[in-house]
>>> print(open('model_16.txt').read())   # compact mmCIF, C-alpha atoms
# COMPACT_ATOMS: atom_id res chain seq x y z
CA MET I 1 -13.11 -29.46 52.20
CA ILE I 2 -12.21 -32.80 53.77
CA ASP I 3 -14.48 -35.66 52.74
CA THR I 4 -13.65 -39.30 53.56
CA ILE I 5 -10.91 -40.21 56.00
CA LYS I 6 -9.48 -43.48 57.28
CA ILE I 7 -7.83 -43.62 60.69
CA PHE I 8 -6.55 -46.50 62.81
CA THR I 9 -5.27 -47.20 66.29
CA MET I 10 -4.14 -50.00 68.57
CA ILE I 11 -6.79 -51.43 70.89
CA ASN I 12 -6.80 -54.00 73.68
CA LYS I 13 -8.52 -57.39 73.73
CA ASN I 14 -11.55 -56.15 75.67
CA THR I 15 -12.30 -53.36 73.18
CA TYR I 16 -11.65 -55.74 70.28
CA ASP I 17 -14.11 -58.27 71.71
CA LYS I 18 -16.88 -55.70 72.21
CA ILE I 19 -16.63 -54.46 68.62
CA HIS I 20 -15.92 -57.90 67.12
CA ASN I 21 -19.02 -59.43 68.73
CA LYS I 22 -21.27 -56.83 67.06
CA SER I 23 -19.70 -57.16 63.59
CA ILE I 24 -19.89 -59.12 60.36
CA ILE I 25 -16.99 -61.50 59.74
CA LYS I 26 -15.77 -62.51 56.26
CA THR I 27 -13.43 -65.50 56.15
CA SER I 28 -11.17 -66.83 53.43
CA TYR I 29 -10.37 -70.53 53.76
CA SER I 30 -9.49 -73.62 51.79
CA ILE I 31 -12.41 -76.03 51.45
CA GLU I 32 -9.96 -78.86 50.76
CA THR I 33 -7.81 -78.44 53.87
CA GLY I 34 -10.08 -76.36 56.11
CA GLU I 35 -7.20 -73.89 56.59
CA ILE I 36 -8.35 -70.35 57.39
CA PHE I 37 -6.28 -67.78 55.48
CA TYR I 38 -7.74 -64.62 57.03
CA ASN I 39 -10.78 -63.08 58.71
CA ILE I 40 -12.07 -59.58 58.02
CA THR I 41 -14.25 -58.15 60.76
CA ASN I 42 -16.34 -55.27 59.52
CA ASN I 43 -19.41 -53.34 60.46
CA HIS I 44 -21.17 -50.32 59.06
CA LEU I 45 -22.61 -47.88 61.52
CA LYS I 46 -25.63 -46.00 60.31
CA GLY I 47 -25.34 -42.29 60.85
CA SER I 48 -27.92 -39.60 60.28
CA TYR I 49 -29.39 -39.50 56.76
CA ASP I 50 -28.59 -43.24 56.35
CA THR I 51 -24.86 -42.65 55.77
CA SER I 52 -22.48 -45.47 56.63
CA LEU I 53 -19.27 -45.47 58.58
CA SER I 54 -16.98 -48.48 58.22
CA VAL I 55 -15.56 -49.92 61.43
CA ARG I 56 -13.02 -52.76 61.26
CA VAL I 57 -11.08 -54.61 63.92
CA GLY I 58 -8.43 -57.26 63.57
CA ASP I 59 -5.14 -58.77 64.64
CA GLY I 60 -2.58 -56.03 65.22
CA SER I 61 0.02 -57.68 63.00
CA LYS I 62 -1.46 -55.79 60.03
CA TYR I 63 0.08 -52.62 61.50
CA LYS I 64 2.91 -54.38 63.37
CA PHE I 65 1.17 -54.02 66.74
CA ILE I 66 2.67 -56.80 68.85
CA ASN I 67 0.18 -58.77 70.98
CA MET I 68 -2.52 -56.15 70.36
CA TYR I 69 -5.41 -55.49 67.99
CA TYR I 70 -6.27 -52.67 65.61
CA LEU I 71 -9.36 -50.59 64.98
CA GLU I 72 -9.93 -48.84 61.64
CA ILE I 73 -12.59 -46.21 61.09
CA GLU I 74 -13.39 -44.99 57.58
CA GLY I 75 -16.08 -42.62 56.45
CA SER I 76 -17.18 -39.12 55.61
CA TYR I 77 -17.90 -37.07 58.72
CA HIS I 78 -19.49 -34.46 56.49
CA LYS I 79 -22.01 -36.96 55.09
CA ILE I 80 -22.81 -38.31 58.54
CA VAL I 81 -23.32 -34.92 60.16
CA LYS I 82 -24.92 -33.02 57.28
CA GLY I 83 -26.22 -35.77 54.99
CA TYR I 84 -24.28 -34.54 51.94
CA ASN I 85 -20.76 -33.62 50.92
CA SER I 86 -21.32 -31.09 48.17
CA HIS I 87 -20.78 -27.84 50.11
CA ASN I 88 -20.39 -26.24 53.56
CA GLY I 89 -17.89 -28.90 54.58
CA PHE I 90 -15.41 -29.36 57.37
CA TYR I 91 -11.77 -28.28 57.08
CA ASN I 92 -10.44 -29.11 60.54
CA LEU I 93 -8.95 -32.62 60.34
CA TYR I 94 -8.53 -32.85 64.11
CA GLU I 95 -12.25 -32.06 64.66
CA ILE I 96 -13.30 -34.63 62.04
CA CYS I 97 -11.13 -37.40 63.52
CA GLN I 98 -12.33 -36.67 67.04
CA GLY I 99 -15.94 -36.68 65.85
CA LEU I 100 -15.59 -40.11 64.21
CA ILE I 101 -13.78 -41.52 67.25
CA ASN I 102 -16.56 -40.25 69.53
CA LEU I 103 -19.24 -41.71 67.26
CA VAL I 104 -17.66 -45.18 67.35
CA SER I 105 -16.96 -44.98 71.06
CA ASN I 106 -20.59 -44.11 71.81
CA SER I 107 -22.04 -46.64 69.34
CA TYR I 108 -20.11 -49.58 70.77
CA ASN I 109 -20.01 -48.30 74.35
CA VAL I 110 -16.22 -48.59 74.50
CA THR I 111 -13.47 -46.27 75.64
CA LEU I 112 -11.12 -45.64 72.73
CA PRO I 113 -7.54 -44.35 72.87
CA ASP I 114 -6.88 -40.61 73.00
CA ILE I 115 -6.56 -38.99 69.58
CA LYS I 116 -2.78 -38.71 69.95
CA HIS I 117 -2.64 -42.53 69.60
CA TRP I 118 -4.45 -42.61 66.25
CA PHE I 119 -2.90 -42.64 62.78
CA LEU I 120 -4.21 -41.12 59.58
CA GLN I 121 -4.13 -43.51 56.64
CA ARG I 122 -6.28 -41.73 54.04
CA VAL I 123 -7.80 -38.32 53.43
CA ASP I 124 -10.05 -37.42 50.51
CA ILE I 125 -10.09 -33.70 49.87
CA ALA I 126 -12.83 -32.21 47.72
CA ILE I 127 -12.52 -28.86 46.04
CA VAL I 128 -15.95 -27.28 45.63
CA PHE I 129 -16.75 -24.81 42.86
CA ASP I 130 -19.95 -22.91 42.14
CA LEU I 131 -20.22 -23.30 38.37
CA GLU I 132 -23.70 -21.70 38.30
CA ASN I 133 -25.47 -24.10 35.89
CA GLN I 134 -25.51 -27.65 34.49
CA ASN I 135 -23.91 -26.71 31.16
CA ASN I 136 -20.91 -25.15 32.91
CA ILE I 137 -20.57 -28.24 35.09
CA LYS I 138 -20.63 -30.55 32.06
CA ARG I 139 -18.03 -28.45 30.20
CA TYR I 140 -15.79 -28.39 33.27
CA LEU I 141 -15.88 -32.18 33.63
CA GLU I 142 -15.31 -32.68 29.90
CA ASN I 143 -12.18 -30.51 30.17
CA LEU I 144 -10.90 -32.62 33.07
CA HIS I 145 -11.14 -35.72 30.88
CA SER I 146 -8.64 -34.19 28.47
CA CYS I 147 -6.00 -33.60 31.17
CA ASN I 148 -3.02 -35.92 31.36
CA TYR I 149 -1.10 -36.62 34.56
CA PRO I 150 1.65 -39.14 33.72
CA ARG I 151 2.53 -40.08 37.33
CA ARG I 152 -1.07 -40.48 38.47
CA ASN I 153 -3.50 -43.39 38.25
CA LEU I 154 -6.59 -41.98 36.57
CA LYS I 155 -10.14 -43.32 36.38
CA ASN I 156 -12.89 -41.71 34.35
CA TYR I 157 -16.48 -41.94 35.46
CA SER I 158 -18.57 -41.17 32.37
CA ASP I 159 -19.63 -37.52 32.22
CA TYR I 160 -19.67 -36.95 35.95
CA GLY I 161 -16.18 -37.23 37.36
CA ARG I 162 -12.53 -38.13 37.34
CA TYR I 163 -10.44 -39.71 40.09
CA TRP I 164 -6.72 -39.11 40.68
CA PHE I 165 -4.83 -41.32 43.12
CA ILE I 166 -1.96 -39.15 44.35
CA CYS I 167 -1.34 -40.14 47.96
CA PRO I 168 1.74 -42.24 48.76
CA TRP I 169 1.39 -45.11 51.24
CA TYR I 170 2.49 -43.25 54.32
CA TYR I 171 0.78 -43.05 57.66
CA TYR I 172 0.69 -39.76 59.48
CA ASN I 173 0.12 -39.42 63.17
CA ILE I 174 -2.92 -37.20 63.69
CA LYS I 175 -1.32 -35.20 66.51
CA ASN I 176 1.25 -33.87 63.97
CA ILE I 177 -1.36 -32.37 61.65
>>> encode(input="model_16.txt", output="structure tokens")
Amino acid sequence: MIDTIKIFTMINKNTYDKIHNKSIIKTSYSIETGEIFYNITNNHLKGSYDTSLSVRVGDGSKYKFINMYYLEIEGSYHKIVKGYNSHNGFYNLYEICQGLINLVSNSYNVTLPDIKHWFLQRVDIAIVFDLENQNNIKRYLENLHSCNYPRRNLKNYSDYGRYWFICPWYYYNIKNI
């Protein structure tokens, strides 16, 4: 099933201002010179079951948008809609992206670009198994810790998980999926 996704699009100044004015801004600057290095505008929308959705806006130069701004949305539609991401998930990427876009549009009372103007930056895919009991789950995870993937960045999380970073830094246009 599809878990967390990150999508982005180009937005105009009016939309940027509406979202920016309801957000938290983090700034990096030099105390000595007063020079501002960058601003990060971020907000977390609360969905059902107290699940967050990250919404960021900024100068379009990050994505090479000339004289425009960007909007990034990142979160798990499954967690927002169902309150969990362990089973009975969503598999339709188009439906998930449209759902997140609609949620942000309604929350900020803005009109966002059509889905064909959005880009997919990240997709987390979860494979769900019914291992029947806790002992089988523990043995399964222990076996994953012994696997070696030489071209992957691996992180172990104690007895409860393993993370593989396998996605190259490419952006895919959602309309092509």
>>> closest_residue(input="model_16.txt", among="I:Ile36, I:Thr15, I:Leu103, I:Met68", to="I:Ser52", atoms="only C-alpha atoms")
I:Leu103
>>> closest_residue(input="model_16.txt", among="I:Leu53, I:Met1, I:Ile24, I:Met10", to="I:Tyr91", atoms="only C-alpha atoms")
I:Met1
>>> atom_distance(input="model_16.txt", atom1="atom CA of I:Ser107", atom2="atom CA of I:Tyr69")
18.9 Å
>>> closest_residue(input="model_16.txt", among="I:Ser23, I:Ser30, I:Gln121, I:Asn109", to="I:Thr4", atoms="all atoms listed in the file")
I:Gln121
>>> closest_residue(input="model_16.txt", among="I:Lys64, I:Lys138, I:Lys18, I:Lys79", to="I:Leu100", atoms="all atoms listed in the file")
I:Lys79
>>> residues_near_point(input="model_16.txt", point="(-19.5, -45.0, 68.4)", cutoff="10 Å", atoms="all atoms listed in the file", output="MDAnalysis selection string")
chainID I and resid 19 45 47 53 55 99:112
>>> atom_distance(input="model_16.txt", atom1="atom CA of I:Phe8", atom2="atom CA of I:Lys82")
23.4 Å
>>> atom_distance(input="model_16.txt", atom1="atom CA of I:Val81", atom2="atom CA of I:Ile11")
25.7 Å
>>> closest_residue(input="model_16.txt", among="I:Asn133, I:Ser146, I:Thr9, I:Gln98", to="I:Phe119", atoms="all atoms listed in the file")
I:Thr9
>>> residues_near_point(input="model_16.txt", point="(-17.9, -29.5, 51.5)", cutoff="12 Å", atoms="only C-alpha atoms", output="ChimeraX atom specification")
/I:1-4,76-79,81-92,124-130
>>> write_last_selection(input="model_16.txt", atoms="C-alpha atoms", output="mmCIF file, in the coordinates of the input")
data_model
loop_
_atom_site.group_PDB
_atom_site.id
_atom_site.type_symbol
_atom_site.label_atom_id
_atom_site.label_comp_id
_atom_site.auth_asym_id
_atom_site.auth_seq_id
_atom_site.Cartn_x
_atom_site.Cartn_y
_atom_site.Cartn_z
ATOM 1 C CA MET I 1 -13.110 -29.460 52.200
ATOM 2 C CA ILE I 2 -12.210 -32.800 53.770
ATOM 3 C CA ASP I 3 -14.480 -35.660 52.740
ATOM 4 C CA THR I 4 -13.650 -39.300 53.560
ATOM 5 C CA SER I 76 -17.180 -39.120 55.610
ATOM 6 C CA TYR I 77 -17.900 -37.070 58.720
ATOM 7 C CA HIS I 78 -19.490 -34.460 56.490
ATOM 8 C CA LYS I 79 -22.010 -36.960 55.090
ATOM 9 C CA VAL I 81 -23.320 -34.920 60.160
ATOM 10 C CA LYS I 82 -24.920 -33.020 57.280
ATOM 11 C CA GLY I 83 -26.220 -35.770 54.990
ATOM 12 C CA TYR I 84 -24.280 -34.540 51.940
ATOM 13 C CA ASN I 85 -20.760 -33.620 50.920
ATOM 14 C CA SER I 86 -21.320 -31.090 48.170
ATOM 15 C CA HIS I 87 -20.780 -27.840 50.110
ATOM 16 C CA ASN I 88 -20.390 -26.240 53.560
ATOM 17 C CA GLY I 89 -17.890 -28.900 54.580
ATOM 18 C CA PHE I 90 -15.410 -29.360 57.370
ATOM 19 C CA TYR I 91 -11.770 -28.280 57.080
ATOM 20 C CA ASN I 92 -10.440 -29.110 60.540
ATOM 21 C CA ASP I 124 -10.050 -37.420 50.510
ATOM 22 C CA ILE I 125 -10.090 -33.700 49.870
ATOM 23 C CA ALA I 126 -12.830 -32.210 47.720
ATOM 24 C CA ILE I 127 -12.520 -28.860 46.040
ATOM 25 C CA VAL I 128 -15.950 -27.280 45.630
ATOM 26 C CA PHE I 129 -16.750 -24.810 42.860
ATOM 27 C CA ASP I 130 -19.950 -22.910 42.140
#
>>> closest_residue(input="model_16.txt", among="I:Asp59, I:Cys147, I:Tyr94, I:Leu141", to="I:Trp118", atoms="all atoms listed in the file")
I:Tyr94
>>> residues_around(input="model_16.txt", residues="I:Asn67", least_positions_apart="4", cutoff="12 Å", atoms="only C-alpha atoms", output="PyMOL selection string")
chain I and resi 10-13+58-63
